[in-house]
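The next block is input35.cif, given as mmCIF, C-alpha atoms.
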```cif
data_work
loop_
_atom_site.label_atom_id
_atom_site.label_comp_id
_atom_site.auth_asym_id
_atom_site.auth_seq_id
_atom_site.Cartn_x
_atom_site.Cartn_y
_atom_site.Cartn_z
CA MET A 1 0.00 0.00 0.00
CA ASP A 2 1.24 3.49 -0.82
CA SER A 3 1.96 5.17 2.52
CA THR A 4 2.37 8.67 1.12
CA PRO A 5 0.15 10.84 3.34
CA LEU A 6 -3.07 12.21 1.91
CA LEU A 7 -2.68 15.61 3.54
CA PRO A 8 -1.11 18.52 1.63
CA MET A 9 2.67 18.34 1.91
CA ARG A 10 5.26 21.03 1.48
CA LYS A 11 6.46 19.19 -1.61
CA LYS A 12 4.87 16.11 -3.16
CA PRO A 13 7.35 13.25 -3.64
CA THR A 14 7.17 12.39 -7.32
CA GLN A 15 10.35 10.37 -7.84
CA GLN A 16 11.01 6.96 -6.32
CA ARG A 17 13.94 8.20 -4.25
CA ALA A 18 11.78 10.98 -2.78
CA ARG A 19 8.96 8.54 -1.97
CA VAL A 20 11.44 6.27 -0.22
CA LEU A 21 12.68 9.24 1.81
CA VAL A 22 9.14 10.24 2.81
CA ASP A 23 8.35 6.65 3.80
CA SER A 24 11.52 6.46 5.88
CA LEU A 25 10.60 9.68 7.69
CA ILE A 26 7.10 8.41 8.46
CA ASP A 27 8.60 5.09 9.61
CA ALA A 28 11.02 6.96 11.87
CA ALA A 29 8.23 9.11 13.31
CA GLY A 30 6.23 5.97 14.05
CA GLU A 31 9.19 4.35 15.79
CA VAL A 32 9.73 7.41 18.00
CA VAL A 33 6.05 7.57 18.96
CA ALA A 34 5.74 3.81 19.57
CA ARG A 35 8.90 3.66 21.67
CA ASP A 36 8.84 6.96 23.56
CA GLY A 37 5.30 8.32 23.22
CA LEU A 38 3.68 11.12 21.27
CA GLU A 39 5.11 13.81 23.55
CA ALA A 40 8.63 12.77 22.59
CA LEU A 41 8.12 13.39 18.89
CA THR A 42 10.27 16.16 17.41
CA THR A 43 11.45 16.80 13.88
CA VAL A 44 15.07 16.61 15.07
CA ARG A 45 14.57 13.14 16.58
CA VAL A 46 12.74 11.90 13.51
CA ALA A 47 15.43 13.14 11.12
CA ALA A 48 18.17 11.59 13.26
CA ARG A 49 16.36 8.24 13.42
CA ALA A 50 15.82 8.29 9.66
CA GLY A 51 19.49 9.13 9.13
CA VAL A 52 18.84 12.35 7.21
CA SER A 53 19.25 16.05 7.88
CA VAL A 54 16.45 18.11 9.38
CA GLY A 55 16.57 20.15 6.18
CA SER A 56 15.67 17.05 4.19
CA LEU A 57 12.69 16.47 6.48
CA TYR A 58 11.51 20.07 6.06
CA GLN A 59 11.41 19.63 2.30
CA TYR A 60 8.27 17.54 2.85
CA PHE A 61 6.92 18.18 6.34
CA ASP A 62 6.28 21.61 7.83
CA ASN A 63 6.46 20.47 11.46
CA LYS A 64 5.82 17.55 13.78
CA ASN A 65 2.05 18.01 13.45
CA THR A 66 2.20 17.11 9.76
CA LEU A 67 4.23 14.03 10.71
CA VAL A 68 1.50 13.03 13.17
CA ALA A 69 -1.11 13.57 10.45
CA ALA A 70 0.90 11.29 8.16
CA LEU A 71 1.01 8.65 10.89
CA MET A 72 -2.75 8.94 11.34
CA ASP A 73 -3.17 8.47 7.57
CA ARG A 74 -1.02 5.36 7.74
CA VAL A 75 -3.00 3.83 10.62
CA ASN A 76 -6.24 4.67 8.83
CA GLY A 77 -4.93 2.99 5.70
CA ASP A 78 -3.90 -0.05 7.74
CA LEU A 79 -7.42 -0.29 9.20
CA ILE A 80 -9.03 -0.07 5.77
CA ALA A 81 -6.64 -2.70 4.41
CA ALA A 82 -7.39 -4.98 7.37
CA VAL A 83 -11.17 -4.86 6.95
CA ASN A 84 -10.78 -5.29 3.19
CA ARG A 85 -8.74 -8.42 3.83
CA VAL A 86 -11.23 -10.14 6.15
CA ALA A 87 -14.56 -8.90 4.74
CA PRO A 88 -14.60 -11.13 1.62
CA GLN A 89 -13.76 -14.19 3.73
CA ASN A 90 -16.73 -13.51 6.02
CA ILE A 91 -19.28 -12.08 3.58
CA GLY A 92 -21.50 -15.18 3.95
CA THR A 93 -21.61 -15.17 7.75
CA ASP A 94 -24.37 -13.75 9.94
CA PRO A 95 -24.16 -10.07 10.99
CA GLN A 96 -22.70 -10.76 14.42
CA ALA A 97 -19.95 -13.02 13.05
CA PHE A 98 -19.22 -10.51 10.30
CA ALA A 99 -18.89 -7.65 12.81
CA ARG A 100 -16.68 -9.79 15.06
CA ALA A 101 -14.30 -10.57 12.19
CA LEU A 102 -13.92 -6.86 11.36
CA LEU A 103 -13.37 -5.94 15.02
CA GLU A 104 -10.72 -8.61 15.49
CA ALA A 105 -8.95 -7.33 12.37
CA ALA A 106 -9.06 -3.79 13.76
CA PHE A 107 -7.49 -4.89 17.04
CA GLU A 108 -4.68 -6.59 15.13
CA VAL A 109 -3.90 -3.19 13.63
CA PHE A 110 -4.02 -1.52 17.05
CA GLU A 111 -1.48 -3.99 18.39
CA ALA A 112 0.82 -3.88 15.36
CA ARG A 113 3.78 -1.54 14.73
CA GLN A 114 4.91 -1.84 18.35
CA GLY A 115 1.75 -0.19 19.63
CA LEU A 116 1.90 2.91 17.41
CA ALA A 117 -1.84 2.93 16.74
CA ARG A 118 -2.64 2.45 20.41
CA GLU A 119 -0.40 5.39 21.39
CA LEU A 120 -2.05 7.63 18.79
CA MET A 121 -5.53 6.55 19.90
CA ARG A 122 -4.61 7.37 23.50
CA HIS A 123 -4.35 11.01 22.39
CA TRP A 124 -7.22 11.05 19.89
CA HIS A 125 -8.93 13.97 21.67
CA ARG A 126 -5.89 16.16 20.92
CA LEU A 127 -5.51 15.14 17.29
CA ASP A 128 -7.32 16.18 14.14
CA ILE A 129 -9.16 12.95 13.33
CA ALA A 130 -12.00 14.42 11.25
CA ARG A 131 -10.49 13.84 7.80
CA GLY A 132 -9.37 10.29 8.52
CA LEU A 133 -12.64 9.47 10.24
CA HIS A 134 -14.61 10.67 7.22
CA ARG A 135 -12.51 8.51 4.90
CA PHE A 136 -12.96 5.43 7.12
CA GLU A 137 -16.67 6.13 7.57
CA GLN A 138 -17.27 6.33 3.82
CA HIS A 139 -15.34 3.13 3.26
CA MET A 140 -17.35 1.28 5.92
CA LEU A 141 -20.63 2.55 4.45
CA ASP A 142 -19.66 1.03 1.11
CA LEU A 143 -18.62 -2.20 2.80
CA LEU A 144 -21.93 -2.48 4.68
CA ARG A 145 -23.87 -1.92 1.46
CA GLY A 146 -21.95 -4.74 -0.17
CA TYR A 147 -22.61 -7.01 2.80
CA ALA A 148 -26.32 -6.18 2.69
CA LEU A 149 -26.51 -7.11 -0.99
CA ALA A 150 -24.77 -10.41 -0.32
CA GLN A 151 -27.18 -11.18 2.54
CA LEU A 152 -30.49 -10.40 0.83
CA ARG A 153 -31.80 -13.94 1.37
CA GLU A 154 -29.87 -15.46 4.25
CA HIS A 155 -29.62 -12.60 6.74
CA PRO A 156 -31.52 -9.50 5.54
CA VAL A 157 -29.97 -6.36 7.04
CA ASP A 158 -30.81 -2.68 6.89
CA PRO A 159 -27.80 -0.68 5.62
CA SER A 160 -29.69 2.62 5.62
CA PRO A 161 -27.40 5.66 5.93
CA ALA A 162 -28.75 6.62 9.35
CA ARG A 163 -28.28 3.17 10.88
CA ALA A 164 -24.88 2.72 9.27
CA PHE A 165 -23.73 6.14 10.49
CA ILE A 166 -24.84 5.39 14.05
CA LEU A 167 -23.24 1.96 13.99
CA ILE A 168 -19.89 3.03 12.55
CA ASN A 169 -19.48 6.01 14.86
CA SER A 170 -20.67 4.13 17.94
CA VAL A 171 -18.05 1.46 17.32
CA VAL A 172 -15.27 3.92 16.43
CA PHE A 173 -15.71 6.15 19.47
CA THR A 174 -16.14 3.19 21.81
CA LEU A 175 -12.83 1.83 20.56
CA LEU A 176 -11.17 5.23 20.91
CA ARG A 177 -12.35 5.49 24.52
CA TYR A 178 -11.28 1.93 25.24
CA LEU A 179 -7.80 2.45 23.81
CA SER A 180 -7.31 5.80 25.54
CA GLN A 181 -7.94 4.50 29.05
CA PRO A 182 -4.88 5.08 31.29
CA THR A 183 -5.57 1.80 33.12
CA PRO A 184 -7.16 -1.39 31.78
CA PRO A 185 -10.98 -1.33 32.06
CA LEU A 186 -12.88 -3.94 34.08
CA PHE A 187 -13.48 -6.14 31.06
CA THR A 188 -11.38 -7.90 28.47
CA ARG A 189 -10.84 -7.14 24.81
CA GLU A 190 -12.85 -10.25 23.94
CA GLN A 191 -15.78 -9.05 26.05
CA LEU A 192 -15.69 -5.70 24.29
CA ILE A 193 -15.66 -7.38 20.87
CA ASP A 194 -18.56 -9.63 21.93
CA GLU A 195 -20.69 -6.68 23.03
CA LEU A 196 -19.89 -4.51 20.01
CA ALA A 197 -20.58 -7.36 17.59
CA ALA A 198 -23.90 -8.10 19.30
CA MET A 199 -24.84 -4.41 19.22
CA ALA A 200 -23.98 -4.19 15.51
CA ALA A 201 -26.11 -7.23 14.71
CA ARG A 202 -29.09 -5.86 16.66
CA LEU A 203 -28.88 -2.47 15.03
CA ILE A 204 -28.71 -3.56 11.41
CA THR A 205 -31.20 -6.44 11.71
CA ALA A 206 -33.86 -4.72 13.84
CA PRO A 207 -37.15 -4.08 11.97
CA ARG A 208 -37.75 -0.51 10.84
#
```

Target format structure tokens, applied to this file:
Amino acid sequence: MDSTPLLPMRKKPTQQRARVLVDSLIDAAGEVVARDGLEALTTVRVAARAGVSVGSLYQYFDNKNTLVAALMDRVNGDLIAAVNRVAPQNIGTDPQAFARALLEAAFEVFEARQGLARELMRHWHRLDIARGLHRFEQHMLDLLRGYALAQLREHPVDPSPARAFILINSVVFTLLRYLSQPTPPLFTREQLIDELAAMAARLITAPR
């Protein structure tokens, strides 16, 4: 997957060498955040970890906030890739099983990259998540429509925009709150997945 951030950059990397440099800077930013936390992120540390000059970094990124935005884009892309990977394999299952498969895929992303996604989610209230959330929301709306079409006979579901919007945002913000807790909540990840999957099934199969 192309990890070039979607946000406007100071200069768009058009040549392969430039794209490799941008990727290495985003990788380095992710390593700093995963290892030392979001507060430790600076352009100087990122450039040093990537083995380039700060001037090279500033050719593409204005400041550390644009690096964070690029990391958010990458996590968002990882989430979309994860649900795309498991959705076709589970398209014939009932709504609760389908939701569970997507949630388990999402948690795999949260735990990957040495906890980068989890560290970013811990600070979601301080970050600009609107653009990435809109992209993910639109993707999930399309995915739910496809699931509904595949389930017309076996498990009829209602993919209406209102229900889908409520479902997607309820799940997203529940996960954000769960991941941002400073101490583990009084329930396990599996219990959370069970409840969210059951909620999703009830919402999209309830009569109108």

Worksheet item: Using only C-alpha atoms, which residues sit within 8 Å of region 89-97 of chain A once same-chain residues fewer than 4 positions away are excluded, as a list of chain:residue names?
Response: A:Arg85, A:Ala101, A:Tyr147, A:Ala150, A:Gln151, A:His155, A:Val157, A:Ala197, A:Ala198, A:Ala200, A:Ala201, A:Ile204, A:Thr205

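The coordinates place CA of Arg126 (chain A) at 26.0 Å from CA of Leu141 (chain A).
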
Going by the chain IDs and residue numbers used in this file, which residues fall under the PyMOL selection byres ((chain A and resi 41) around 12)? Write them as an mmCIF file with C-alpha atoms, in the frame of the given file.
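part-v8.cif was written with the following content:
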```cif
data_model
loop_
_atom_site.group_PDB
_atom_site.id
_atom_site.type_symbol
_atom_site.label_atom_id
_atom_site.label_comp_id
_atom_site.auth_asym_id
_atom_site.auth_seq_id
_atom_site.Cartn_x
_atom_site.Cartn_y
_atom_site.Cartn_z
ATOM 1 C CA ILE A 26 7.100 8.410 8.460
ATOM 2 C CA ALA A 28 11.020 6.960 11.870
ATOM 3 C CA ALA A 29 8.230 9.110 13.310
ATOM 4 C CA GLY A 30 6.230 5.970 14.050
ATOM 5 C CA GLU A 31 9.190 4.350 15.790
ATOM 6 C CA VAL A 32 9.730 7.410 18.000
ATOM 7 C CA VAL A 33 6.050 7.570 18.960
ATOM 8 C CA ALA A 34 5.740 3.810 19.570
ATOM 9 C CA ARG A 35 8.900 3.660 21.670
ATOM 10 C CA ASP A 36 8.840 6.960 23.560
ATOM 11 C CA GLY A 37 5.300 8.320 23.220
ATOM 12 C CA LEU A 38 3.680 11.120 21.270
ATOM 13 C CA GLU A 39 5.110 13.810 23.550
ATOM 14 C CA ALA A 40 8.630 12.770 22.590
ATOM 15 C CA THR A 42 10.270 16.160 17.410
ATOM 16 C CA THR A 43 11.450 16.800 13.880
ATOM 17 C CA VAL A 44 15.070 16.610 15.070
ATOM 18 C CA ARG A 45 14.570 13.140 16.580
ATOM 19 C CA VAL A 46 12.740 11.900 13.510
ATOM 20 C CA ALA A 47 15.430 13.140 11.120
ATOM 21 C CA ALA A 48 18.170 11.590 13.260
ATOM 22 C CA ARG A 49 16.360 8.240 13.420
ATOM 23 C CA ASN A 63 6.460 20.470 11.460
ATOM 24 C CA LYS A 64 5.820 17.550 13.780
ATOM 25 C CA ASN A 65 2.050 18.010 13.450
ATOM 26 C CA THR A 66 2.200 17.110 9.760
ATOM 27 C CA LEU A 67 4.230 14.030 10.710
ATOM 28 C CA VAL A 68 1.500 13.030 13.170
ATOM 29 C CA LEU A 71 1.010 8.650 10.890
ATOM 30 C CA GLU A 119 -0.400 5.390 21.390
ATOM 31 C CA LEU A 120 -2.050 7.630 18.790
#
```

Discussion item. So that I can see what lies close to Ala117 (chain A), please list as a PyMOL selection string the residues with an atom at most 12 Å from it, counting all atoms listed in the file and leaving out residues fewer than 3 positions away in the same chain.
Written reply: chain A and resi 30-31+33-35+37-38+68+71-79+106-114+120-124+175-176+179-180

Fill in: Distance in Å - CA of Gln181 (chain A) versus CA of Leu25 (chain A)
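CA of Gln181 (chain A) sits 28.8 Å away from CA of Leu25 (chain A).
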
Region 21-69 of chain A from the block above: N, CA and C atoms written as a PDB file, in the first residue's frame:
```
ATOM      1  N   LEU A  21      12.308   8.339   0.728  1.00  0.00           N
ATOM      2  CA  LEU A  21      12.677   9.241   1.813  1.00  0.00           C
ATOM      3  C   LEU A  21      11.471   9.576   2.686  1.00  0.00           C
ATOM      4  N   VAL A  22      10.344   9.908   2.059  1.00  0.00           N
ATOM      5  CA  VAL A  22       9.143  10.243   2.814  1.00  0.00           C
ATOM      6  C   VAL A  22       8.698   9.044   3.649  1.00  0.00           C
ATOM      7  N   ASP A  23       8.714   7.860   3.059  1.00  0.00           N
ATOM      8  CA  ASP A  23       8.348   6.653   3.802  1.00  0.00           C
ATOM      9  C   ASP A  23       9.270   6.438   4.995  1.00  0.00           C
ATOM     10  N   SER A  24      10.570   6.672   4.786  1.00  0.00           N
ATOM     11  CA  SER A  24      11.520   6.461   5.879  1.00  0.00           C
ATOM     12  C   SER A  24      11.290   7.461   7.004  1.00  0.00           C
ATOM     13  N   LEU A  25      10.896   8.676   6.657  1.00  0.00           N
ATOM     14  CA  LEU A  25      10.601   9.681   7.687  1.00  0.00           C
ATOM     15  C   LEU A  25       9.342   9.315   8.460  1.00  0.00           C
ATOM     16  N   ILE A  26       8.321   8.827   7.767  1.00  0.00           N
ATOM     17  CA  ILE A  26       7.099   8.409   8.459  1.00  0.00           C
ATOM     18  C   ILE A  26       7.388   7.189   9.336  1.00  0.00           C
ATOM     19  N   ASP A  27       8.199   6.259   8.809  1.00  0.00           N
ATOM     20  CA  ASP A  27       8.597   5.094   9.614  1.00  0.00           C
ATOM     21  C   ASP A  27       9.315   5.548  10.883  1.00  0.00           C
ATOM     22  N   ALA A  28      10.244   6.482  10.723  1.00  0.00           N
ATOM     23  CA  ALA A  28      11.017   6.957  11.869  1.00  0.00           C
ATOM     24  C   ALA A  28      10.119   7.649  12.886  1.00  0.00           C
ATOM     25  N   ALA A  29       9.168   8.450  12.402  1.00  0.00           N
ATOM     26  CA  ALA A  29       8.227   9.112  13.309  1.00  0.00           C
ATOM     27  C   ALA A  29       7.420   8.067  14.080  1.00  0.00           C
ATOM     28  N   GLY A  30       6.982   7.028  13.393  1.00  0.00           N
ATOM     29  CA  GLY A  30       6.233   5.968  14.048  1.00  0.00           C
ATOM     30  C   GLY A  30       7.055   5.258  15.104  1.00  0.00           C
ATOM     31  N   GLU A  31       8.324   5.024  14.831  1.00  0.00           N
ATOM     32  CA  GLU A  31       9.193   4.349  15.795  1.00  0.00           C
ATOM     33  C   GLU A  31       9.399   5.212  17.041  1.00  0.00           C
ATOM     34  N   VAL A  32       9.570   6.507  16.851  1.00  0.00           N
ATOM     35  CA  VAL A  32       9.729   7.409  18.002  1.00  0.00           C
ATOM     36  C   VAL A  32       8.467   7.408  18.859  1.00  0.00           C
ATOM     37  N   VAL A  33       7.304   7.523  18.218  1.00  0.00           N
ATOM     38  CA  VAL A  33       6.045   7.569  18.965  1.00  0.00           C
ATOM     39  C   VAL A  33       5.779   6.247  19.676  1.00  0.00           C
ATOM     40  N   ALA A  34       6.000   5.126  18.973  1.00  0.00           N
ATOM     41  CA  ALA A  34       5.735   3.812  19.572  1.00  0.00           C
ATOM     42  C   ALA A  34       6.669   3.533  20.739  1.00  0.00           C
ATOM     43  N   ARG A  35       7.913   3.965  20.620  1.00  0.00           N
ATOM     44  CA  ARG A  35       8.901   3.662  21.667  1.00  0.00           C
ATOM     45  C   ARG A  35       8.834   4.636  22.833  1.00  0.00           C
ATOM     46  N   ASP A  36       8.703   5.942  22.523  1.00  0.00           N
ATOM     47  CA  ASP A  36       8.842   6.962  23.562  1.00  0.00           C
ATOM     48  C   ASP A  36       7.573   7.769  23.826  1.00  0.00           C
ATOM     49  N   GLY A  37       6.539   7.583  23.009  1.00  0.00           N
ATOM     50  CA  GLY A  37       5.299   8.316  23.217  1.00  0.00           C
ATOM     51  C   GLY A  37       5.185   9.536  22.329  1.00  0.00           C
ATOM     52  N   LEU A  38       3.947   9.990  22.162  1.00  0.00           N
ATOM     53  CA  LEU A  38       3.681  11.116  21.268  1.00  0.00           C
ATOM     54  C   LEU A  38       4.381  12.385  21.729  1.00  0.00           C
ATOM     55  N   GLU A  39       4.489  12.586  23.039  1.00  0.00           N
ATOM     56  CA  GLU A  39       5.108  13.809  23.549  1.00  0.00           C
ATOM     57  C   GLU A  39       6.583  13.908  23.172  1.00  0.00           C
ATOM     58  N   ALA A  40       7.198  12.774  22.897  1.00  0.00           N
ATOM     59  CA  ALA A  40       8.631  12.768  22.592  1.00  0.00           C
ATOM     60  C   ALA A  40       8.927  13.073  21.130  1.00  0.00           C
ATOM     61  N   LEU A  41       7.902  13.188  20.323  1.00  0.00           N
ATOM     62  CA  LEU A  41       8.115  13.388  18.888  1.00  0.00           C
ATOM     63  C   LEU A  41       8.614  14.795  18.587  1.00  0.00           C
ATOM     64  N   THR A  42       9.753  14.889  17.912  1.00  0.00           N
ATOM     65  CA  THR A  42      10.265  16.163  17.409  1.00  0.00           C
ATOM     66  C   THR A  42      10.832  15.912  16.012  1.00  0.00           C
ATOM     67  N   THR A  43      10.900  16.955  15.223  1.00  0.00           N
ATOM     68  CA  THR A  43      11.453  16.805  13.876  1.00  0.00           C
ATOM     69  C   THR A  43      12.937  16.427  13.941  1.00  0.00           C
ATOM     70  N   VAL A  44      13.645  16.926  14.940  1.00  0.00           N
ATOM     71  CA  VAL A  44      15.072  16.614  15.075  1.00  0.00           C
ATOM     72  C   VAL A  44      15.257  15.124  15.343  1.00  0.00           C
ATOM     73  N   ARG A  45      14.456  14.566  16.247  1.00  0.00           N
ATOM     74  CA  ARG A  45      14.571  13.143  16.580  1.00  0.00           C
ATOM     75  C   ARG A  45      14.185  12.277  15.386  1.00  0.00           C
ATOM     76  N   VAL A  46      13.169  12.683  14.669  1.00  0.00           N
ATOM     77  CA  VAL A  46      12.736  11.902  13.514  1.00  0.00           C
ATOM     78  C   VAL A  46      13.826  11.896  12.437  1.00  0.00           C
ATOM     79  N   ALA A  47      14.379  13.060  12.145  1.00  0.00           N
ATOM     80  CA  ALA A  47      15.428  13.137  11.120  1.00  0.00           C
ATOM     81  C   ALA A  47      16.626  12.288  11.524  1.00  0.00           C
ATOM     82  N   ALA A  48      17.013  12.363  12.795  1.00  0.00           N
ATOM     83  CA  ALA A  48      18.165  11.589  13.264  1.00  0.00           C
ATOM     84  C   ALA A  48      17.896  10.087  13.142  1.00  0.00           C
ATOM     85  N   ARG A  49      16.696   9.666  13.500  1.00  0.00           N
ATOM     86  CA  ARG A  49      16.363   8.241  13.421  1.00  0.00           C
ATOM     87  C   ARG A  49      16.306   7.761  11.972  1.00  0.00           C
ATOM     88  N   ALA A  50      15.867   8.649  11.080  1.00  0.00           N
ATOM     89  CA  ALA A  50      15.819   8.286   9.661  1.00  0.00           C
ATOM     90  C   ALA A  50      17.184   8.389   8.998  1.00  0.00           C
ATOM     91  N   GLY A  51      18.152   9.002   9.685  1.00  0.00           N
ATOM     92  CA  GLY A  51      19.492   9.130   9.129  1.00  0.00           C
ATOM     93  C   GLY A  51      19.613  10.201   8.056  1.00  0.00           C
ATOM     94  N   VAL A  52      18.780  11.254   8.183  1.00  0.00           N
ATOM     95  CA  VAL A  52      18.841  12.350   7.211  1.00  0.00           C
ATOM     96  C   VAL A  52      18.934  13.669   7.974  1.00  0.00           C
ATOM     97  N   SER A  53      19.177  14.729   7.244  1.00  0.00           N
ATOM     98  CA  SER A  53      19.247  16.046   7.878  1.00  0.00           C
ATOM     99  C   SER A  53      17.839  16.579   8.143  1.00  0.00           C
ATOM    100  N   VAL A  54      17.736  17.478   9.107  1.00  0.00           N
ATOM    101  CA  VAL A  54      16.445  18.114   9.380  1.00  0.00           C
ATOM    102  C   VAL A  54      15.981  18.877   8.147  1.00  0.00           C
ATOM    103  N   GLY A  55      16.930  19.439   7.404  1.00  0.00           N
ATOM    104  CA  GLY A  55      16.573  20.151   6.183  1.00  0.00           C
ATOM    105  C   GLY A  55      15.877  19.248   5.179  1.00  0.00           C
ATOM    106  N   SER A  56      16.319  17.999   5.101  1.00  0.00           N
ATOM    107  CA  SER A  56      15.672  17.053   4.193  1.00  0.00           C
ATOM    108  C   SER A  56      14.233  16.783   4.641  1.00  0.00           C
ATOM    109  N   LEU A  57      14.045  16.669   5.956  1.00  0.00           N
ATOM    110  CA  LEU A  57      12.689  16.465   6.485  1.00  0.00           C
ATOM    111  C   LEU A  57      11.794  17.640   6.129  1.00  0.00           C
ATOM    112  N   TYR A  58      12.326  18.873   6.300  1.00  0.00           N
ATOM    113  CA  TYR A  58      11.511  20.066   6.060  1.00  0.00           C
ATOM    114  C   TYR A  58      11.187  20.293   4.579  1.00  0.00           C
ATOM    115  N   GLN A  59      11.813  19.543   3.707  1.00  0.00           N
ATOM    116  CA  GLN A  59      11.409  19.626   2.305  1.00  0.00           C
ATOM    117  C   GLN A  59       9.974  19.113   2.117  1.00  0.00           C
ATOM    118  N   TYR A  60       9.558  18.199   3.027  1.00  0.00           N
ATOM    119  CA  TYR A  60       8.265  17.543   2.848  1.00  0.00           C
ATOM    120  C   TYR A  60       7.287  17.794   3.991  1.00  0.00           C
ATOM    121  N   PHE A  61       7.790  18.002   5.180  1.00  0.00           N
ATOM    122  CA  PHE A  61       6.918  18.182   6.343  1.00  0.00           C
ATOM    123  C   PHE A  61       7.193  19.520   7.009  1.00  0.00           C
ATOM    124  N   ASP A  62       6.125  20.278   7.241  1.00  0.00           N
ATOM    125  CA  ASP A  62       6.276  21.606   7.827  1.00  0.00           C
ATOM    126  C   ASP A  62       6.717  21.547   9.286  1.00  0.00           C
ATOM    127  N   ASN A  63       6.203  20.562  10.025  1.00  0.00           N
ATOM    128  CA  ASN A  63       6.459  20.472  11.460  1.00  0.00           C
ATOM    129  C   ASN A  63       6.058  19.083  11.947  1.00  0.00           C
ATOM    130  N   LYS A  64       6.136  18.879  13.250  1.00  0.00           N
ATOM    131  CA  LYS A  64       5.817  17.547  13.776  1.00  0.00           C
ATOM    132  C   LYS A  64       4.321  17.234  13.646  1.00  0.00           C
ATOM    133  N   ASN A  65       3.485  18.263  13.594  1.00  0.00           N
ATOM    134  CA  ASN A  65       2.047  18.013  13.446  1.00  0.00           C
ATOM    135  C   ASN A  65       1.721  17.357  12.108  1.00  0.00           C
ATOM    136  N   THR A  66       2.446  17.745  11.053  1.00  0.00           N
ATOM    137  CA  THR A  66       2.198  17.108   9.757  1.00  0.00           C
ATOM    138  C   THR A  66       2.740  15.674   9.747  1.00  0.00           C
ATOM    139  N   LEU A  67       3.761  15.406  10.551  1.00  0.00           N
ATOM    140  CA  LEU A  67       4.229  14.029  10.709  1.00  0.00           C
ATOM    141  C   LEU A  67       3.182  13.182  11.416  1.00  0.00           C
ATOM    142  N   VAL A  68       2.565  13.753  12.450  1.00  0.00           N
ATOM    143  CA  VAL A  68       1.503  13.035  13.168  1.00  0.00           C
ATOM    144  C   VAL A  68       0.330  12.768  12.224  1.00  0.00           C
ATOM    145  N   ALA A  69      -0.014  13.757  11.412  1.00  0.00           N
ATOM    146  CA  ALA A  69      -1.108  13.569  10.451  1.00  0.00           C
ATOM    147  C   ALA A  69      -0.778  12.445   9.473  1.00  0.00           C
TER     148      ALA A  69
END
```
